[in-house]
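Participant: Structure file protein_30.txt (compact mmCIF, C-alpha atoms) right here:
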```txt
# COMPACT_ATOMS: atom_id res chain seq x y z
CA MET A 279 -10.68 8.29 39.20
CA LYS A 280 -14.13 9.87 39.45
CA ASN A 281 -15.59 12.00 36.70
CA THR A 282 -15.77 14.94 39.14
CA THR A 283 -12.01 15.25 38.75
CA PHE A 284 -12.47 16.56 35.20
CA SER A 285 -14.75 19.13 33.67
CA ARG A 286 -17.56 18.08 31.36
CA GLU A 287 -15.74 19.58 28.41
CA HIS A 288 -12.60 17.59 29.19
CA ILE A 289 -14.56 14.35 29.56
CA ALA A 290 -16.28 15.00 26.24
CA TYR A 291 -12.91 15.66 24.61
CA LEU A 292 -11.47 12.39 25.97
CA LYS A 293 -14.48 10.46 24.69
CA LYS A 294 -14.10 12.08 21.28
CA GLN A 295 -10.43 11.14 21.11
CA ARG A 296 -11.18 7.56 22.19
CA ASN A 297 -13.94 7.22 19.61
CA LYS A 298 -11.65 8.61 16.93
CA LYS A 299 -9.00 6.03 17.80
CA ILE A 300 -11.59 3.22 17.66
CA ILE A 301 -12.80 4.44 14.25
CA VAL A 302 -9.23 4.47 12.90
CA ILE A 303 -8.55 0.91 14.13
CA LEU A 304 -11.85 -0.40 12.75
CA SER A 305 -11.21 1.34 9.42
CA ARG A 306 -7.83 -0.35 9.15
CA VAL A 307 -9.31 -3.78 9.88
CA LEU A 308 -12.19 -3.27 7.45
CA LEU A 309 -9.85 -2.04 4.71
CA LEU A 310 -7.64 -5.11 5.09
CA ALA A 311 -10.69 -7.40 5.12
CA ALA A 312 -12.06 -5.71 2.01
CA VAL A 313 -8.79 -6.10 0.11
CA LEU A 314 -8.47 -9.77 1.08
CA GLY A 315 -12.13 -10.40 0.29
CA ILE A 316 -11.95 -8.81 -3.16
CA TRP A 317 -8.72 -10.68 -3.87
CA GLU A 318 -10.35 -14.01 -2.92
CA ILE A 319 -13.55 -13.34 -4.90
CA PHE A 320 -11.64 -12.30 -8.03
CA ALA A 321 -9.46 -15.43 -7.77
CA GLN A 322 -12.46 -17.74 -7.28
CA CYS A 323 -14.37 -16.12 -10.17
CA LYS A 324 -11.28 -16.34 -12.43
CA VAL A 325 -11.22 -12.58 -12.91
CA ILE A 326 -7.54 -12.95 -12.08
CA ASP A 327 -5.45 -16.07 -12.57
CA PRO A 328 -4.98 -17.67 -9.11
CA PHE A 329 -1.92 -19.52 -10.38
CA ILE A 330 -0.17 -16.17 -10.92
CA THR A 331 -1.70 -14.03 -8.17
CA SER A 332 -2.55 -16.79 -5.67
CA SER A 333 -5.39 -16.04 -3.22
CA PRO A 334 -5.92 -15.71 0.56
CA SER A 335 -7.30 -19.26 0.77
CA ARG A 336 -4.30 -20.67 -1.10
CA VAL A 337 -1.97 -18.64 1.14
CA CYS A 338 -3.64 -20.12 4.22
CA LYS A 339 -3.27 -23.64 2.79
CA THR A 340 0.42 -23.00 2.10
CA ILE A 341 0.96 -21.72 5.65
CA ALA A 342 -0.76 -24.85 6.98
CA SER A 343 1.43 -27.02 4.74
CA LEU A 344 4.62 -25.32 5.95
CA TYR A 345 3.45 -25.71 9.55
CA THR A 346 2.73 -29.40 9.00
CA ASP A 347 6.18 -29.90 7.46
CA GLY A 348 7.72 -28.21 10.50
CA THR A 349 9.50 -25.60 8.38
CA LEU A 350 7.25 -22.56 8.91
CA PHE A 351 8.74 -21.28 12.16
CA TYR A 352 12.22 -22.40 11.10
CA HIS A 353 12.23 -20.07 8.09
CA ILE A 354 10.52 -17.29 10.06
CA GLY A 355 13.05 -17.64 12.88
CA ILE A 356 16.04 -17.45 10.51
CA THR A 357 14.86 -14.26 8.82
CA LEU A 358 13.71 -12.70 12.09
CA MET A 359 17.09 -13.40 13.72
CA GLU A 360 19.01 -11.89 10.80
CA THR A 361 16.76 -8.82 10.74
CA LEU A 362 16.83 -8.16 14.49
CA VAL A 363 20.60 -8.59 14.80
CA GLY A 364 21.25 -6.37 11.79
CA PHE A 365 18.72 -3.82 13.05
CA LEU A 366 20.32 -3.58 16.51
CA ILE A 367 23.85 -3.36 15.14
CA ALA A 368 22.88 -0.67 12.62
CA VAL A 369 21.05 1.45 15.21
CA ILE A 370 23.78 1.18 17.87
CA LEU A 371 26.66 1.82 15.47
CA GLY A 372 24.72 4.55 13.67
CA TYR A 373 23.99 6.31 16.94
CA ALA A 374 27.64 6.05 18.06
CA VAL A 375 28.97 7.40 14.75
CA ALA A 376 26.44 10.25 14.84
CA VAL A 377 27.67 11.20 18.33
CA VAL A 378 31.26 11.31 17.06
CA LEU A 379 30.28 13.43 14.06
CA TRP A 380 28.33 15.81 16.31
CA ALA A 381 31.23 16.12 18.77
CA SER A 382 33.76 17.03 16.06
CA GLU A 383 32.79 19.44 13.32
CA THR A 384 36.06 18.78 11.51
CA VAL A 385 35.46 15.03 11.39
CA ARG A 386 31.89 15.68 10.24
CA LYS A 387 32.98 17.90 7.35
CA VAL A 388 35.64 15.37 6.30
CA LEU A 389 33.35 12.31 6.36
CA GLU A 390 30.07 13.86 5.24
CA PRO A 391 30.64 13.50 1.46
CA TYR A 392 31.73 9.89 1.89
CA ILE A 393 28.60 9.12 3.93
CA VAL A 394 26.42 10.64 1.19
CA VAL A 395 28.19 8.57 -1.47
CA LEU A 396 27.83 5.36 0.53
CA ASN A 397 24.15 6.06 1.04
CA SER A 398 23.57 6.45 -2.72
CA LEU A 399 25.54 3.29 -3.55
CA PRO A 400 23.29 0.39 -4.69
CA LYS A 401 24.00 -2.15 -1.94
CA ILE A 402 22.89 -5.11 -4.04
CA ALA A 403 25.87 -4.45 -6.32
CA LEU A 404 28.17 -5.32 -3.43
CA GLY A 405 26.56 -8.74 -3.02
CA PRO A 406 29.28 -10.76 -4.78
CA LEU A 407 32.00 -8.92 -2.85
CA ILE A 408 30.22 -9.54 0.45
CA ILE A 409 30.10 -13.26 -0.31
CA ILE A 410 33.83 -13.29 -1.06
CA TRP A 411 34.74 -11.19 1.98
CA ILE A 412 32.49 -12.76 4.61
CA GLY A 413 31.29 -16.07 3.21
CA THR A 414 27.92 -17.63 2.50
CA GLY A 415 26.57 -17.93 6.03
CA TYR A 416 24.32 -15.80 8.19
CA ASP A 417 27.12 -13.26 8.72
CA SER A 418 26.94 -12.02 5.14
CA ILE A 419 23.16 -11.52 5.35
CA ILE A 420 23.48 -9.65 8.64
CA PHE A 421 26.26 -7.54 7.12
CA MET A 422 23.98 -6.66 4.20
CA THR A 423 21.23 -5.69 6.66
CA VAL A 424 23.62 -3.41 8.54
CA LEU A 425 24.97 -1.93 5.31
CA VAL A 426 21.48 -1.01 4.09
CA SER A 427 20.40 0.52 7.41
CA ILE A 428 23.39 2.15 9.06
CA ILE A 429 23.91 5.18 6.81
CA VAL A 430 20.31 6.33 7.22
CA CYS A 431 20.62 5.83 10.98
CA ILE A 432 23.73 8.00 11.05
CA MET A 433 22.20 10.77 8.95
CA ASN A 434 18.89 10.85 10.83
CA MET A 435 20.50 10.92 14.26
CA LEU A 436 23.06 13.52 13.21
CA SER A 437 20.25 15.73 11.92
CA GLY A 438 18.49 15.29 15.26
CA PHE A 439 21.60 16.29 17.18
CA ILE A 440 22.28 19.34 15.03
CA ALA A 441 18.65 20.48 15.22
CA VAL A 442 18.77 20.97 18.99
CA ASP A 443 17.86 24.52 20.01
CA LYS A 444 20.94 26.75 19.69
CA THR A 445 19.75 28.92 22.59
CA LYS A 446 19.87 25.94 24.91
CA LEU A 447 23.35 25.07 23.67
CA THR A 448 24.49 28.61 24.41
CA LEU A 449 22.96 28.37 27.88
CA MET A 450 24.84 25.12 28.55
CA LYS A 451 28.12 26.72 27.45
CA SER A 452 27.51 29.79 29.62
CA MET A 453 27.06 27.46 32.61
CA GLY A 454 30.41 25.83 31.89
CA ALA A 455 29.10 22.51 30.60
CA GLY A 456 31.53 20.44 28.58
CA ARG A 457 30.82 18.25 25.55
CA ILE A 458 29.96 15.14 27.55
CA THR A 459 27.67 17.00 29.95
CA THR A 460 25.94 18.79 27.07
CA LEU A 461 25.49 15.50 25.28
CA ARG A 462 24.09 13.74 28.34
CA LYS A 463 21.92 16.55 29.72
CA LEU A 464 20.70 18.23 26.52
CA ILE A 465 21.47 16.55 23.19
CA ILE A 466 20.34 13.00 23.99
CA PRO A 467 17.05 13.97 25.67
CA ALA A 468 16.23 16.62 23.05
CA SER A 469 16.93 14.24 20.15
CA LEU A 470 14.67 11.48 21.49
CA PRO A 471 12.01 12.09 18.78
CA ALA A 472 14.74 11.79 16.14
CA LEU A 473 15.80 8.46 17.67
CA MET A 474 12.24 7.16 17.50
CA ASN A 475 11.93 8.23 13.85
CA THR A 476 15.27 6.55 13.15
CA LEU A 477 14.03 3.31 14.68
CA LYS A 478 10.90 3.43 12.52
CA VAL A 479 12.91 3.96 9.34
CA ALA A 480 15.48 1.35 10.35
CA VAL A 481 12.74 -1.28 10.80
CA GLY A 482 11.81 -1.16 7.12
CA LEU A 483 15.42 -0.95 5.95
CA ALA A 484 16.45 -3.90 8.13
CA TRP A 485 13.81 -6.11 6.51
CA ILE A 486 14.89 -4.93 3.07
CA GLY A 487 18.51 -5.67 3.88
CA SER A 488 17.87 -9.15 5.25
CA ILE A 489 15.71 -10.15 2.28
CA MET A 490 18.29 -8.73 -0.15
CA GLY A 491 20.94 -10.80 1.62
CA GLU A 492 18.81 -13.92 1.39
CA TYR A 493 18.24 -13.27 -2.30
CA ILE A 494 21.99 -13.33 -2.84
CA VAL A 495 22.99 -16.17 -0.55
CA SER A 496 20.76 -18.24 1.71
CA LYS A 497 19.72 -21.79 2.44
CA ALA A 498 16.77 -20.87 4.64
CA GLY A 499 14.53 -17.94 5.49
CA LEU A 500 11.59 -16.15 3.94
CA GLY A 501 13.76 -14.61 1.23
CA TYR A 502 14.95 -18.10 0.34
CA LEU A 503 11.33 -19.27 0.05
CA ILE A 504 10.55 -16.37 -2.29
CA VAL A 505 13.54 -17.14 -4.52
CA TYR A 506 12.86 -20.88 -4.49
CA GLY A 507 9.15 -20.42 -5.14
CA GLY A 508 9.87 -18.15 -8.09
CA GLN A 509 12.37 -20.60 -9.59
CA VAL A 510 9.98 -23.57 -9.50
CA PHE A 511 6.85 -21.48 -10.21
CA LYS A 512 5.30 -22.13 -6.80
CA LEU A 513 3.78 -18.67 -6.67
CA ASP A 514 1.57 -19.60 -3.72
CA LEU A 515 4.79 -20.02 -1.75
CA VAL A 516 6.05 -16.63 -2.96
CA MET A 517 2.85 -14.87 -1.92
CA THR A 518 2.79 -16.71 1.40
CA ALA A 519 6.36 -15.67 2.26
CA THR A 520 5.57 -12.10 1.20
CA PHE A 521 2.42 -12.06 3.34
CA ILE A 522 4.36 -13.33 6.37
CA LEU A 523 7.03 -10.67 5.77
CA CYS A 524 4.38 -7.95 5.78
CA ALA A 525 2.93 -9.28 9.03
CA LEU A 526 6.34 -9.48 10.73
CA ALA A 527 7.40 -6.01 9.54
CA GLY A 528 4.08 -4.57 10.74
CA GLY A 529 4.48 -6.25 14.12
CA MET A 530 8.02 -4.95 14.52
CA TYR A 531 6.90 -1.44 13.59
CA ALA A 532 4.07 -1.68 16.13
CA ILE A 533 6.57 -2.60 18.86
CA VAL A 534 8.71 0.45 17.98
CA ALA A 535 5.60 2.66 18.02
CA LEU A 536 4.68 1.28 21.45
CA ILE A 537 8.20 2.01 22.72
CA GLU A 538 7.93 5.53 21.31
CA LYS A 539 4.66 6.07 23.13
CA ARG A 540 6.07 4.87 26.43
CA VAL A 541 9.43 6.66 26.16
CA THR A 542 8.29 10.06 24.88
CA LYS A 543 5.50 10.12 27.46
```
Using structure tokens, write down the structure that the file contains.
Facilitator:
Amino acid sequence: MKNTTFSREHIAYLKKQRNKKIIVILSRVLLLAAVLGIWEIFAQCKVIDPFITSSPSRVCKTIASLYTDGTLFYHIGITLMETLVGFLIAVILGYAVAVVLWASETVRKVLEPYIVVLNSLPKIALGPLIIIWIGTGYDSIIFMTVLVSIIVCIMNMLSGFIAVDKTKLTLMKSMGAGRITTLRKLIIPASLPALMNTLKVAVGLAWIGSIMGEYIVSKAGLGYLIVYGGQVFKLDLVMTATFILCALAGGMYAIVALIEKRVTK
């Protein structure tokens, strides 16, 4: 498209926005590089004890060692599978329950206090019960992931549904629209930003849930590496698993942000 399509002011505005985006990205990269650089320098100069805090170079060596052993992608794959499955189940079930609560005010008023109580319940306390109920396999870890995430998904989506403009709801009723039509034509499209925010929150909670589950019962995964590394004082392994977790969580969040950009556009 030629520049004659836009005014000079609009072209200048677009350039300003593009430059601002570039500055933000570069600032993020430089900030990360600065943190890693200071961490490495302090560890090399013995300002901090590298045995306790590890260092970027030691983390890289540990990643290389895990890759050589053939266990790096195995542990990553286990945790990623548990997180993604739990994330999808929590979002789908949370959305469905929120629809039911929106459709029936009576059901919402009956269940609302129980939902609040379940949300405030420390999920880690249910760990022993989850092991007894479900077992010691992947199912219990996925269940923990769903348990941590689903209540927030329900509450966020329900808030999004209820926040839809009352004038538009009145208009739909005056035109004879039923619950299903109102839901399909108005509520779902209008609550799309709430869905995107729910996905962003659920990403972090899903990782928390999967790692909590692996803390309680696991034979593989990044949470298992953290627990094992702490037990045998291999703190390089602990920091490496934590670093990989941060990278995976950031990547998953970036995918959700990309979906948000495409969908809301």
Participant: Which neighbours of segment 378-388 of chain A fall inside 8 Å, counting only C-alpha atoms, when residues of the same chain fewer than 2 positions from it are skipped, and could you give them as a PyMOL selection string?
Facilitator: chain A and resi 374-376+390-391+436+439-440+457
Participant: Please compute the atom CA of Leu425 of chain A-atom CA of Val442 of chain A distance, one decimal, in Å.
Facilitator: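 Separating atom CA of Leu425 of chain A from atom CA of Val442 of chain A is a distance of 27.4 Å.
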Participant: Tell me which of A:Val377, A:Leu396, A:Ile341, A:Leu523 sits closest to Gly355 of chain A, counting only C-alpha atoms.
Facilitator: A:Leu523
Participant: As a ChimeraX atom specification, please: the residues near Pro471 of chain A (cut-off 9 Å, only C-alpha atoms, same-chain neighbours under 6 positions excluded).
Facilitator: /A:438,538,542
Participant: Give me, please, the distance in Å between atom CA of Val325 of chain A and atom CA of Val313 of chain A, quoted to one decimal.
Facilitator: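 Computing it gives 14.7 Å between the two atoms.
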Participant: Which one is closest to Ile412 of chain A: A:Ala312, A:Val495, A:Leu526, A:Cys323? Count only C-alpha atoms.
Facilitator: A:Val495
Participant: Could you tell me how far atom CA of Thr476 of chain A lies from atom CA of Thr423 of chain A, in Å and to one decimal?
Facilitator: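 Pair atom CA of Thr476 of chain A / atom CA of Thr423 of chain A returns 15.1 Å.
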Participant: For Ala527 of chain A, which residue among A:Thr460, A:Ser335, A:Ser285, A:Ser488 is the nearest when counting all atoms listed in the file?
Facilitator: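 Looking at the shortest contact to Ala527 of chain A, the residue is A:Ser488.
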Participant: Residues near Ile354 of chain A, anyone? I mean within 10 Å using all atoms listed in the file, not counting same-chain ones fewer than 4 positions away, as a tab-separated table (two decimals) with C-alpha atoms, in the coordinates of the input.
Facilitator:
```
chain	number	residue	atom	x	y	z
A	349	THR	CA	9.50	-25.60	8.38
A	350	LEU	CA	7.25	-22.56	8.91
A	358	LEU	CA	13.71	-12.70	12.09
A	359	MET	CA	17.09	-13.40	13.72
A	498	ALA	CA	16.77	-20.87	4.64
A	499	GLY	CA	14.53	-17.94	5.49
A	500	LEU	CA	11.59	-16.15	3.94
A	501	GLY	CA	13.76	-14.61	1.23
A	519	ALA	CA	6.36	-15.67	2.26
A	522	ILE	CA	4.36	-13.33	6.37
A	523	LEU	CA	7.03	-10.67	5.77
A	526	LEU	CA	6.34	-9.48	10.73
```
Participant: Applying 12 Å and only C-alpha atoms, which residues near Asp327 of chain A remain after dropping the ones on its own chain fewer than 5 positions away? List them as a PyMOL selection string.
Facilitator: chain A and resi 317-322+332-333+513-514
Participant: Rank A:Ile356, A:Ile533, A:Ala480, A:Cys338 by their smallest atom-to-atom distance to Ser496 of chain A, using all atoms listed in the file, and report the top residue only.
Facilitator: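 Comparing A:Ile356, A:Ile533, A:Ala480, A:Cys338 against Ser496 of chain A, the winner is A:Ile356.
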Participant: Pick the closest to Ala525 of chain A from A:Trp485, A:Tyr352, A:Ile409, A:Lys294: which is it, counting all atoms listed in the file?
Facilitator: A:Trp485
Participant: Rank nothing, just name the residue among A:Ala484, A:Val541, A:Val394, A:Leu464 nearest to Lys451 of chain A, using all atoms listed in the file.
Facilitator: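 That would be A:Leu464, the residue with the smallest distance to Lys451 of chain A.
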